[in-house]
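*Asks:* See work.cif below, with mmCIF, C-alpha atoms.
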```
data_work
loop_
_atom_site.label_atom_id
_atom_site.label_comp_id
_atom_site.auth_asym_id
_atom_site.auth_seq_id
_atom_site.Cartn_x
_atom_site.Cartn_y
_atom_site.Cartn_z
CA MET A 1 83.68 33.07 -37.32
CA THR A 2 83.83 35.75 -34.61
CA SER A 3 83.99 39.18 -36.19
CA ARG A 4 85.80 42.18 -34.84
CA GLY A 5 85.87 45.87 -35.55
CA ILE A 6 82.93 48.18 -36.09
CA PRO A 7 79.36 46.89 -35.44
CA LEU A 8 77.64 45.39 -38.45
CA ASP A 9 74.83 47.95 -38.53
CA THR A 10 77.39 50.76 -38.53
CA ALA A 11 79.33 48.99 -41.26
CA ALA A 12 76.14 48.67 -43.32
CA ILE A 13 75.45 52.40 -43.08
CA MET A 14 79.04 53.36 -43.90
CA SER A 15 79.30 50.98 -46.81
CA THR A 16 76.03 52.15 -48.37
CA VAL A 17 76.96 55.83 -48.08
CA LEU A 18 80.46 55.37 -49.48
CA GLU A 19 79.21 53.12 -52.26
CA GLY A 20 76.57 55.71 -53.15
CA ILE A 21 79.21 58.43 -53.50
CA LEU A 22 81.43 56.26 -55.67
CA TYR A 23 78.43 55.06 -57.64
CA GLY A 24 77.67 58.66 -58.57
CA PHE A 25 81.20 59.06 -59.93
CA SER A 26 80.87 55.81 -61.87
CA VAL A 27 77.65 57.01 -63.50
CA LEU A 28 79.36 60.21 -64.63
CA MET A 29 82.26 58.20 -66.01
CA PHE A 30 79.82 55.88 -67.76
CA ILE A 31 78.40 58.91 -69.55
CA GLY A 32 81.95 59.88 -70.51
CA THR A 33 82.54 56.35 -71.78
CA VAL A 34 79.45 56.49 -73.98
CA TRP A 35 80.72 59.79 -75.39
CA ALA A 36 84.13 58.23 -76.04
CA LEU A 37 82.52 55.32 -77.89
CA ILE A 38 80.11 57.27 -80.13
CA TYR A 39 81.76 60.69 -80.60
CA LYS A 40 82.12 61.38 -84.33
CA ARG A 41 81.46 57.74 -85.15
CA ARG A 42 78.78 55.98 -87.08
CA VAL A 43 76.70 53.36 -85.31
CA ARG A 44 78.34 50.51 -87.18
CA ASP A 45 81.81 51.74 -86.15
CA VAL A 46 81.07 51.59 -82.41
CA ASN A 47 82.87 48.82 -80.52
CA ARG A 48 79.82 46.84 -79.48
CA LEU A 49 81.70 44.46 -77.19
CA ILE A 50 83.13 47.30 -75.09
CA ALA A 51 79.75 49.06 -75.11
CA ALA A 52 78.05 45.89 -73.87
CA VAL A 53 80.60 45.47 -71.08
CA ALA A 54 80.15 49.10 -70.00
CA ILE A 55 76.37 48.67 -69.85
CA MET A 56 76.68 45.41 -67.92
CA LEU A 57 79.01 47.00 -65.37
CA LEU A 58 76.60 49.87 -64.85
CA THR A 59 73.67 47.46 -64.56
CA LEU A 60 75.42 45.31 -61.95
CA SER A 61 76.57 48.36 -59.97
CA THR A 62 73.03 49.75 -60.00
CA ALA A 63 71.55 46.43 -58.92
CA HIS A 64 74.07 46.11 -56.08
CA MET A 65 73.29 49.66 -54.94
CA ILE A 66 69.56 48.96 -54.93
CA VAL A 67 70.00 45.72 -52.96
CA ASN A 68 72.15 47.54 -50.41
CA ILE A 69 69.48 50.22 -49.93
CA ILE A 70 66.77 47.57 -49.52
CA ARG A 71 68.94 45.65 -47.09
CA LEU A 72 69.65 48.80 -45.09
CA GLU A 73 65.95 49.65 -44.89
CA ASP A 74 65.09 46.09 -43.84
CA GLY A 75 67.69 45.98 -41.10
CA LEU A 76 67.15 49.44 -39.63
CA VAL A 77 63.39 49.82 -40.08
CA LYS A 78 61.45 46.76 -41.16
CA TYR A 79 63.10 44.04 -39.05
CA ARG A 80 64.81 46.09 -36.37
CA ASP A 81 62.65 44.58 -33.59
CA THR A 82 62.53 41.05 -35.02
CA TYR A 83 65.98 40.03 -33.78
CA THR A 84 66.94 39.98 -30.10
CA ASP A 85 70.21 41.81 -30.70
CA GLY A 86 68.60 44.41 -32.94
CA PRO A 87 69.77 45.53 -36.41
CA ALA A 88 73.28 44.14 -35.90
CA ALA A 89 71.82 40.63 -35.68
CA PHE A 90 69.90 41.14 -38.94
CA PHE A 91 73.05 42.11 -40.82
CA ALA A 92 74.81 39.07 -39.36
CA ASP A 93 72.10 36.76 -40.73
CA VAL A 94 73.55 35.31 -43.91
CA SER A 95 70.35 33.47 -44.79
CA GLN A 96 68.71 36.72 -45.90
CA ILE A 97 67.98 36.66 -49.62
CA THR A 98 69.38 40.16 -50.00
CA TYR A 99 72.72 38.94 -48.64
CA VAL A 100 72.84 36.11 -51.19
CA ILE A 101 71.93 38.38 -54.10
CA LYS A 102 74.43 40.99 -52.96
CA ASN A 103 77.31 38.51 -52.94
CA ALA A 104 76.26 36.97 -56.27
CA ILE A 105 76.27 40.41 -57.91
CA TYR A 106 79.69 41.15 -56.46
CA ILE A 107 81.13 37.89 -57.82
CA LEU A 108 79.72 38.55 -61.31
CA HIS A 109 80.96 42.13 -61.29
CA THR A 110 84.46 41.12 -60.22
CA LEU A 111 84.70 38.35 -62.81
CA LEU A 112 83.52 40.72 -65.53
CA GLY A 113 86.12 43.33 -64.59
CA ASP A 114 88.93 40.77 -64.47
CA GLY A 115 87.80 39.31 -67.78
CA VAL A 116 88.05 42.72 -69.44
CA VAL A 117 91.64 43.12 -68.25
CA ILE A 118 92.53 39.67 -69.60
CA TYR A 119 90.87 40.52 -72.93
CA ARG A 120 92.87 43.75 -73.19
CA CYS A 121 96.02 41.79 -72.49
CA TYR A 122 95.18 39.38 -75.31
CA VAL A 123 94.42 42.20 -77.76
CA VAL A 124 97.73 43.95 -77.09
CA TRP A 125 99.89 40.80 -77.14
CA GLN A 126 97.95 39.04 -79.93
CA SER A 127 98.88 35.73 -78.34
CA SER A 128 96.73 33.14 -76.58
CA ARG A 129 99.68 31.70 -74.66
CA ILE A 130 100.34 34.91 -72.81
CA ILE A 131 96.92 34.82 -71.12
CA ILE A 132 96.99 31.15 -70.08
CA LEU A 133 97.96 31.90 -66.48
CA PRO A 134 95.53 34.82 -66.01
CA SER A 135 92.75 32.72 -67.54
CA LEU A 136 93.43 29.83 -65.17
CA LEU A 137 93.38 32.20 -62.21
CA TRP A 138 90.13 33.69 -63.51
CA CYS A 139 88.54 30.24 -63.73
CA CYS A 140 89.66 29.42 -60.19
CA SER A 141 88.21 32.75 -59.02
CA ALA A 142 84.89 31.90 -60.64
CA PHE A 143 84.81 28.47 -59.01
CA THR A 144 85.61 29.70 -55.51
CA GLY A 145 83.28 32.69 -55.85
CA PHE A 146 80.23 30.74 -56.96
CA SER A 147 81.01 28.04 -54.39
CA ALA A 148 80.84 30.69 -51.70
CA VAL A 149 77.54 32.03 -53.07
CA TYR A 150 76.09 28.51 -53.14
CA SER A 151 77.15 27.94 -49.53
CA VAL A 152 75.46 31.18 -48.51
CA SER A 153 72.26 30.21 -50.33
CA GLN A 154 72.12 26.94 -48.37
CA ALA A 155 72.76 28.55 -45.01
CA THR A 156 70.38 28.84 -42.09
CA SER A 157 69.80 31.90 -39.94
CA ASN A 158 72.18 30.66 -37.22
CA ALA A 159 74.91 29.45 -39.54
CA GLY A 160 77.13 32.45 -38.99
CA ASN A 161 79.27 33.86 -41.75
CA ILE A 162 79.33 31.24 -44.53
CA PHE A 163 81.66 33.33 -46.65
CA THR A 164 84.31 31.35 -44.82
CA LYS A 165 88.02 31.97 -44.62
CA ALA A 166 88.82 29.19 -47.07
CA THR A 167 86.65 30.48 -49.91
CA GLY A 168 86.97 34.15 -49.00
CA GLN A 169 90.74 34.27 -48.83
CA SER A 170 91.05 32.15 -51.96
CA PHE A 171 88.69 34.33 -53.97
CA PHE A 172 90.29 37.64 -52.96
CA ALA A 173 93.82 36.29 -53.46
CA LEU A 174 92.96 34.86 -56.87
CA THR A 175 91.22 37.97 -58.18
CA LEU A 176 94.03 40.18 -56.90
CA SER A 177 96.62 37.98 -58.61
CA THR A 178 94.63 37.89 -61.84
CA ASN A 179 94.36 41.67 -61.97
CA LEU A 180 97.99 42.35 -61.10
CA ILE A 181 99.40 39.78 -63.55
CA SER A 182 97.17 40.86 -66.43
CA SER A 183 97.75 44.56 -65.82
CA GLY A 184 101.49 43.96 -65.49
CA LEU A 185 101.67 42.06 -68.78
CA LEU A 186 99.59 44.74 -70.48
CA ALA A 187 101.71 47.60 -69.16
CA TYR A 188 104.95 45.81 -70.06
CA ARG A 189 103.81 45.21 -73.62
CA ILE A 190 102.82 48.84 -74.16
CA TRP A 191 106.06 50.07 -72.58
CA LYS A 192 108.07 47.75 -74.83
CA LEU A 193 106.24 48.98 -77.92
CA GLU A 194 106.83 52.58 -76.87
CA CYS A 195 110.56 51.95 -76.49
CA ASN A 196 110.77 50.29 -79.90
CA VAL A 197 109.03 53.06 -81.83
CA SER A 198 110.35 56.08 -79.89
CA ALA A 199 113.49 56.32 -82.03
CA LEU A 200 111.51 56.13 -85.27
CA ARG A 201 108.63 58.41 -84.30
CA THR A 202 108.09 61.44 -86.51
CA SER A 203 105.25 62.97 -84.48
CA ASN A 204 104.59 63.83 -80.86
CA ARG A 205 102.03 61.07 -80.41
CA THR A 206 103.04 58.66 -77.63
CA LEU A 207 101.62 55.68 -75.75
CA THR A 208 102.84 56.94 -72.38
CA PRO A 209 99.45 58.44 -71.32
CA ILE A 210 97.72 55.14 -72.04
CA LEU A 211 100.39 53.24 -70.13
CA ARG A 212 100.02 55.60 -67.19
CA VAL A 213 96.25 55.27 -66.97
CA LEU A 214 96.47 51.46 -67.15
CA VAL A 215 98.88 51.44 -64.25
CA ASP A 216 96.67 53.88 -62.33
CA ALA A 217 93.61 51.68 -62.86
CA ALA A 218 95.47 48.59 -61.61
CA ILE A 219 96.77 50.47 -58.58
CA LEU A 220 93.32 51.86 -57.77
CA TYR A 221 91.77 48.41 -57.80
CA SER A 222 94.61 46.79 -55.86
CA VAL A 223 94.71 49.51 -53.21
CA VAL A 224 91.10 48.70 -52.29
CA LEU A 225 91.22 44.93 -52.79
CA PHE A 226 94.35 44.33 -50.71
CA PRO A 227 92.92 45.91 -47.51
CA THR A 228 89.76 43.89 -48.13
CA LEU A 229 91.82 40.70 -48.09
CA ILE A 230 93.58 41.84 -44.90
CA CYS A 231 90.24 42.58 -43.19
CA PHE A 232 88.90 39.20 -44.26
CA VAL A 233 91.94 37.38 -42.86
CA CYS A 234 91.61 39.28 -39.59
CA SER A 235 87.82 38.68 -39.42
CA ASN A 236 87.24 42.42 -39.29
CA ASN A 237 83.85 43.86 -40.19
CA GLY A 238 85.59 46.52 -42.24
CA GLN A 239 85.58 43.97 -45.06
CA TYR A 240 81.91 44.75 -45.70
CA VAL A 241 82.69 48.43 -46.20
CA MET A 242 85.58 47.64 -48.54
CA LEU A 243 83.55 45.09 -50.50
CA ASP A 244 80.76 47.56 -51.21
CA MET A 245 83.31 50.18 -52.26
CA LEU A 246 84.87 47.73 -54.70
CA MET A 247 81.71 47.56 -56.81
CA PRO A 248 81.83 51.09 -58.27
CA ILE A 249 85.64 51.15 -58.21
CA ILE A 250 85.78 48.22 -60.64
CA SER A 251 83.53 50.16 -63.00
CA ILE A 252 85.53 53.38 -62.55
CA ALA A 253 88.80 51.58 -63.33
CA PHE A 254 87.25 50.24 -66.55
CA TYR A 255 85.75 53.57 -67.60
CA MET A 256 88.84 55.66 -66.92
CA VAL A 257 90.94 53.67 -69.38
CA LEU A 258 88.46 54.15 -72.23
CA ILE A 259 87.99 57.85 -71.50
CA ARG A 260 91.73 58.51 -71.32
CA VAL A 261 92.37 56.72 -74.61
CA ALA A 262 89.57 58.68 -76.28
CA ILE A 263 90.86 62.02 -74.94
CA SER A 264 94.36 61.23 -76.16
CA LYS A 265 93.07 60.31 -79.60
CA HIS A 266 90.85 63.37 -79.99
CA ALA A 267 93.59 65.69 -78.71
CA HIS A 268 96.01 64.31 -81.29
CA ASN A 269 93.47 64.76 -84.08
CA TYR A 270 92.73 68.32 -82.94
CA LEU A 271 96.39 69.30 -82.86
CA SER A 272 97.02 67.78 -86.28
CA THR A 273 94.06 69.65 -87.76
CA THR A 274 95.06 72.90 -86.06
CA PHE A 275 98.66 72.83 -87.23
CA HIS A 276 97.61 71.89 -90.76
CA THR A 277 95.15 74.79 -90.88
CA ARG A 278 97.67 77.25 -89.47
CA GLY A 279 100.30 76.15 -91.98
CA THR A 280 97.94 76.66 -94.90
CA THR A 281 96.86 80.07 -93.58
CA SER A 282 100.45 81.21 -93.11
CA GLU A 283 101.33 80.33 -96.68
CA THR A 284 98.30 82.26 -97.92
CA VAL A 285 99.19 85.30 -95.82
CA ARG A 286 102.74 85.30 -97.12
CA GLU A 287 101.48 85.18 -100.67
CA ASP A 288 99.04 88.04 -100.01
CA SER A 289 101.55 90.23 -98.19
CA HIS A 290 104.14 89.90 -100.97
CA PRO A 291 102.19 89.97 -104.23
CA VAL A 292 104.05 89.06 -107.40
CA LYS A 293 104.71 92.17 -109.43
CA PRO A 294 105.45 92.21 -113.20
CA LEU A 295 109.18 92.09 -113.82
CA GLN A 296 110.42 95.21 -115.55
CA VAL A 297 113.64 95.15 -117.62
CA HIS A 298 115.70 98.24 -118.49
CA ILE A 299 117.02 97.82 -122.04
CA SER A 300 119.36 99.95 -124.20
CA HIS A 301 119.05 99.76 -127.99
CA PHE A 302 122.13 99.83 -130.19
CA THR A 303 121.73 99.61 -133.97
CA GLN A 304 124.53 99.60 -136.59
CA ILE A 305 123.80 100.00 -140.38
CA GLY A 306 126.53 99.60 -142.95
CA ASP A 307 129.65 101.74 -142.59
CA ASN A 308 127.76 104.68 -141.17
CA SER A 309 127.19 104.19 -137.54
CA THR A 310 124.01 105.53 -136.18
CA HIS A 311 123.82 105.28 -132.43
CA GLY A 312 120.35 105.29 -130.96
CA ILE A 313 120.33 104.88 -127.25
CA GLY A 314 117.01 104.78 -125.48
CA ASN A 315 115.59 103.59 -122.23
CA GLU A 316 112.39 101.53 -122.05
CA ASP A 317 110.65 99.73 -119.24
CA LEU A 318 109.20 96.59 -120.70
CA PRO A 319 107.12 93.90 -119.08
CA SER A 320 108.70 90.51 -118.51
CA THR A 321 106.83 89.01 -121.43
CA CYS A 322 108.37 91.26 -124.07
CA LYS A 323 110.90 90.15 -126.65
CA VAL A 324 114.04 92.21 -127.34
CA GLU A 325 115.35 92.10 -130.88
CA SER A 326 118.73 93.24 -132.21
CA VAL A 327 120.33 93.03 -135.62
CA LYS A 328 123.23 90.92 -134.45
CA GLU A 329 121.54 89.06 -131.57
CA PRO A 330 118.81 86.42 -131.64
CA SER A 331 115.58 87.12 -129.87
CA CYS A 332 115.28 85.95 -126.29
CA ALA A 333 112.47 85.77 -123.75
CA VAL A 334 113.12 87.45 -120.45
#
```
Show me the file's structure as structure tokens.

*Replies:*
Amino acid sequence: MTSRGIPLDTAAIMSTVLEGILYGFSVLMFIGTVWALIYKRRVRDVNRLIAAVAIMLLTLSTAHMIVNIIRLEDGLVKYRDTYTDGPAAFFADVSQITYVIKNAIYILHTLLGDGVVIYRCYVVWQSSRIIILPSLLWCCSAFTGFSAVYSVSQATSNAGNIFTKATGQSFFALTLSTNLISSGLLAYRIWKLECNVSALRTSNRTLTPILRVLVDAAILYSVVLFPTLICFVCSNNGQYVMLDMLMPIISIAFYMVLIRVAISKHAHNYLSTTFHTRGTTSETVREDSHPVKPLQVHISHFTQIGDNSTHGIGNEDLPSTCKVESVKEPSCAV
């Protein structure tokens, strides 16, 4: 396959630099993900499956970054005079073990990321039938991906690019379809739930932020994967740059969903606690600013004895607990 576009050695340098920048962001987001998983939680309450996936994504991204650095050093320094055409010929040699390992890591990383999206879709829908199509696409992606890696591992130094159009286009198209379908089903389910409960909601808590970040993650992944497919179809060397950028982007798309959900949850808990505390304080302040004073009653006494009327009129300020007695009236508590 005759490649076009930028030289392969230039593509190798660009891809390694851009991947390194994005890898740094993914490491920071991994730290945020760990915080989201363990913040104010006991060890037994941590979602171990999600934690394991996050660690695996970081491990694969780190391994891919290391292989890229080794490959760059081999092509530009160690074997730069071994090939007649220089470093560009080294990066075109698909029989290099670093090239095989690099592609195998990419396939595993992509399948892991797509599998997480399918799992989220299953959790939200609570139905196995809804993920039949994404699961079939995922299986086809795994088959074509590992077939391509096997072909590369059996290649010779003059075999050219074994990541051929048939397997390459199929793999990219399948993984793109898997991600879009799963993310679409997930977003639709959350949107439908939000519409159903919006009329009955008694608080300000909403699923819209979660829906938005899921859509953003799907768009981020698709925006990079679609140009990769276009470059592969056109036999453009820009595919190598896009492929290396996809590694940390898959991890970032996974991390950003977990972090956004955790932030939304903690913000809701903080606001609930704050308003509850303020309400209690306000009631206490009102009670302190208007203390209850003893009720005082102004009473006039009138006493009549026999035929001779003796009028005694007096004024007394009595506490509210006193009892007022009269000859003709029963006693009453004020």

*Asks:* I would like the residues chosen by the PyMOL selection byres ((chain A and resi 207) around 10) on the shown file; could you give them as a ChimeraX atom specification?

*Replies:* /A:190-191,193-195,197-198,205-206,208-212,261,264

*Asks:* How would the residues just chosen look if you wrote them out with C-alpha atoms as a short mmCIF file (atom, residue, chain, number, x, y, z; two decimals), in the frame of the given file?

*Replies:*
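out_5.cif, written as the output of this step:
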```
data_model
loop_
_atom_site.label_atom_id
_atom_site.label_comp_id
_atom_site.auth_asym_id
_atom_site.auth_seq_id
_atom_site.Cartn_x
_atom_site.Cartn_y
_atom_site.Cartn_z
CA ILE A 190 102.82 48.84 -74.16
CA TRP A 191 106.06 50.07 -72.58
CA LEU A 193 106.24 48.98 -77.92
CA GLU A 194 106.83 52.58 -76.87
CA CYS A 195 110.56 51.95 -76.49
CA VAL A 197 109.03 53.06 -81.83
CA SER A 198 110.35 56.08 -79.89
CA ARG A 205 102.03 61.07 -80.41
CA THR A 206 103.04 58.66 -77.63
CA THR A 208 102.84 56.94 -72.38
CA PRO A 209 99.45 58.44 -71.32
CA ILE A 210 97.72 55.14 -72.04
CA LEU A 211 100.39 53.24 -70.13
CA ARG A 212 100.02 55.60 -67.19
CA VAL A 261 92.37 56.72 -74.61
CA SER A 264 94.36 61.23 -76.16
#
```

*Asks:* Taking only C-alpha atoms into account, which of A:Ala36, A:Leu8, A:Ile101, A:Ile250 comes nearest A:Val117?

*Replies:*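 Answer, going by the shortest atom-to-atom distance: A:Ile250.
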
*Asks:* Report the residues retrieved by the PyMOL selection byres ((chain A and resi 246) around 12) from the displayed file, expressed as a ChimeraX atom specification.

*Replies:* /A:15-16,18-20,22-23,26,61,64-65,105-107,109-110,113,172,220-229,239-245,247-253

*Asks:* Would you please work out which residue, of A:Cys121, A:Ser147, A:Leu58, A:Thr84, is nearest to A:Asn103 when using all atoms listed in the file?

*Replies:*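 Smallest distance to A:Asn103 is found for A:Ser147.
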
*Asks:* Find, counting all atoms listed in the file, the residue in A:Arg129, A:Lys102, A:Arg189, A:Arg44 that gets nearest to A:Val152.

*Replies:*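 With all atoms listed in the file as the atom set, the closest residue is A:Lys102.
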
*Asks:* One decimal, Å: what's the distance from atom CA of A:Tyr122 over to atom CA of A:Thr144, could you say?

*Replies:*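 These two atoms are separated by 24.0 Å.
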
*Asks:* Could you tell me which of A:Ala173, A:Ile263, A:Ala11, A:Met29 comes closest to A:Phe232 if we count only C-alpha atoms?

*Replies:* A:Ala173

*Asks:* Counting only C-alpha atoms, which residue out of A:Val116, A:Val233, A:Ala217, A:Leu108 sits closest to A:Thr59?

*Replies:*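 Ranking A:Val116, A:Val233, A:Ala217, A:Leu108 by distance to A:Thr59, first place goes to A:Leu108.
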
*Asks:* I'd like the neighbourhood of A:Val46 as a list of chain:residue names, where a residue qualifies if any of its atoms comes within 12 Å (using all atoms listed in the file), though same-chain residues fewer than 3 positions away should be ignored.

*Replies:*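 Here the answer would be A:Thr33, A:Val34, A:Trp35, A:Ala36, A:Leu37, A:Ile38, A:Tyr39, A:Lys40, A:Arg41, A:Arg42, A:Val43, A:Leu49, A:Ile50, A:Ala51, A:Ala52.
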
*Asks:* Expressed in Å to a single decimal, how great is the separation between atom CA of A:Phe143 and atom CA of A:Ile118?

*Replies:*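 Atom-to-atom, atom CA of A:Phe143 to atom CA of A:Ile118, that is 17.2 Å.
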
*Asks:* Calculate how many Å separate atom CA of A:Val149 from atom CA of A:Val100, rounding to one decimal.

*Replies:*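 Separation of atom CA of A:Val149 and atom CA of A:Val100: 6.5 Å.
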
*Asks:* When the PyMOL selection byres ((chain A and resi 136) around 12) is applied to the structure above, which residues does it catch, written out as a list in words?

*Replies:*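 Expected selection for the PyMOL selection byres ((chain A and resi 136) around 12) here is Asp114, Gly115, Ile118, Arg129, Ile130, Ile131, Ile132, Leu133, Pro134, Ser135, Leu137, Trp138, Cys139, Cys140, Ser141, Ala142, Phe143, Leu174, Thr175, Ser177, Thr178, Ile181 and Ser182 of chain A.
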
*Asks:* Keeping only C-alpha atoms, write those residues as a PDB file, in the frame of the given file.

*Replies:*
```
ATOM      1  CA  ASP A 114      88.930  40.770 -64.470  1.00  0.00           C
ATOM      2  CA  GLY A 115      87.800  39.310 -67.780  1.00  0.00           C
ATOM      3  CA  ILE A 118      92.530  39.670 -69.600  1.00  0.00           C
ATOM      4  CA  ARG A 129      99.680  31.700 -74.660  1.00  0.00           C
ATOM      5  CA  ILE A 130     100.340  34.910 -72.810  1.00  0.00           C
ATOM      6  CA  ILE A 131      96.920  34.820 -71.120  1.00  0.00           C
ATOM      7  CA  ILE A 132      96.990  31.150 -70.080  1.00  0.00           C
ATOM      8  CA  LEU A 133      97.960  31.900 -66.480  1.00  0.00           C
ATOM      9  CA  PRO A 134      95.530  34.820 -66.010  1.00  0.00           C
ATOM     10  CA  SER A 135      92.750  32.720 -67.540  1.00  0.00           C
ATOM     11  CA  LEU A 137      93.380  32.200 -62.210  1.00  0.00           C
ATOM     12  CA  TRP A 138      90.130  33.690 -63.510  1.00  0.00           C
ATOM     13  CA  CYS A 139      88.540  30.240 -63.730  1.00  0.00           C
ATOM     14  CA  CYS A 140      89.660  29.420 -60.190  1.00  0.00           C
ATOM     15  CA  SER A 141      88.210  32.750 -59.020  1.00  0.00           C
ATOM     16  CA  ALA A 142      84.890  31.900 -60.640  1.00  0.00           C
ATOM     17  CA  PHE A 143      84.810  28.470 -59.010  1.00  0.00           C
ATOM     18  CA  LEU A 174      92.960  34.860 -56.870  1.00  0.00           C
ATOM     19  CA  THR A 175      91.220  37.970 -58.180  1.00  0.00           C
ATOM     20  CA  SER A 177      96.620  37.980 -58.610  1.00  0.00           C
ATOM     21  CA  THR A 178      94.630  37.890 -61.840  1.00  0.00           C
ATOM     22  CA  ILE A 181      99.400  39.780 -63.550  1.00  0.00           C
ATOM     23  CA  SER A 182      97.170  40.860 -66.430  1.00  0.00           C
TER      24      SER A 182
END
```

*Asks:* My list of candidates is A:Leu258, A:Val17, A:Val27, A:Ile97. Which is closest to A:Thr62 when distances are computed with all atoms listed in the file?

*Replies:*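 Comparing A:Leu258, A:Val17, A:Val27, A:Ile97 against A:Thr62, the winner is A:Val27.
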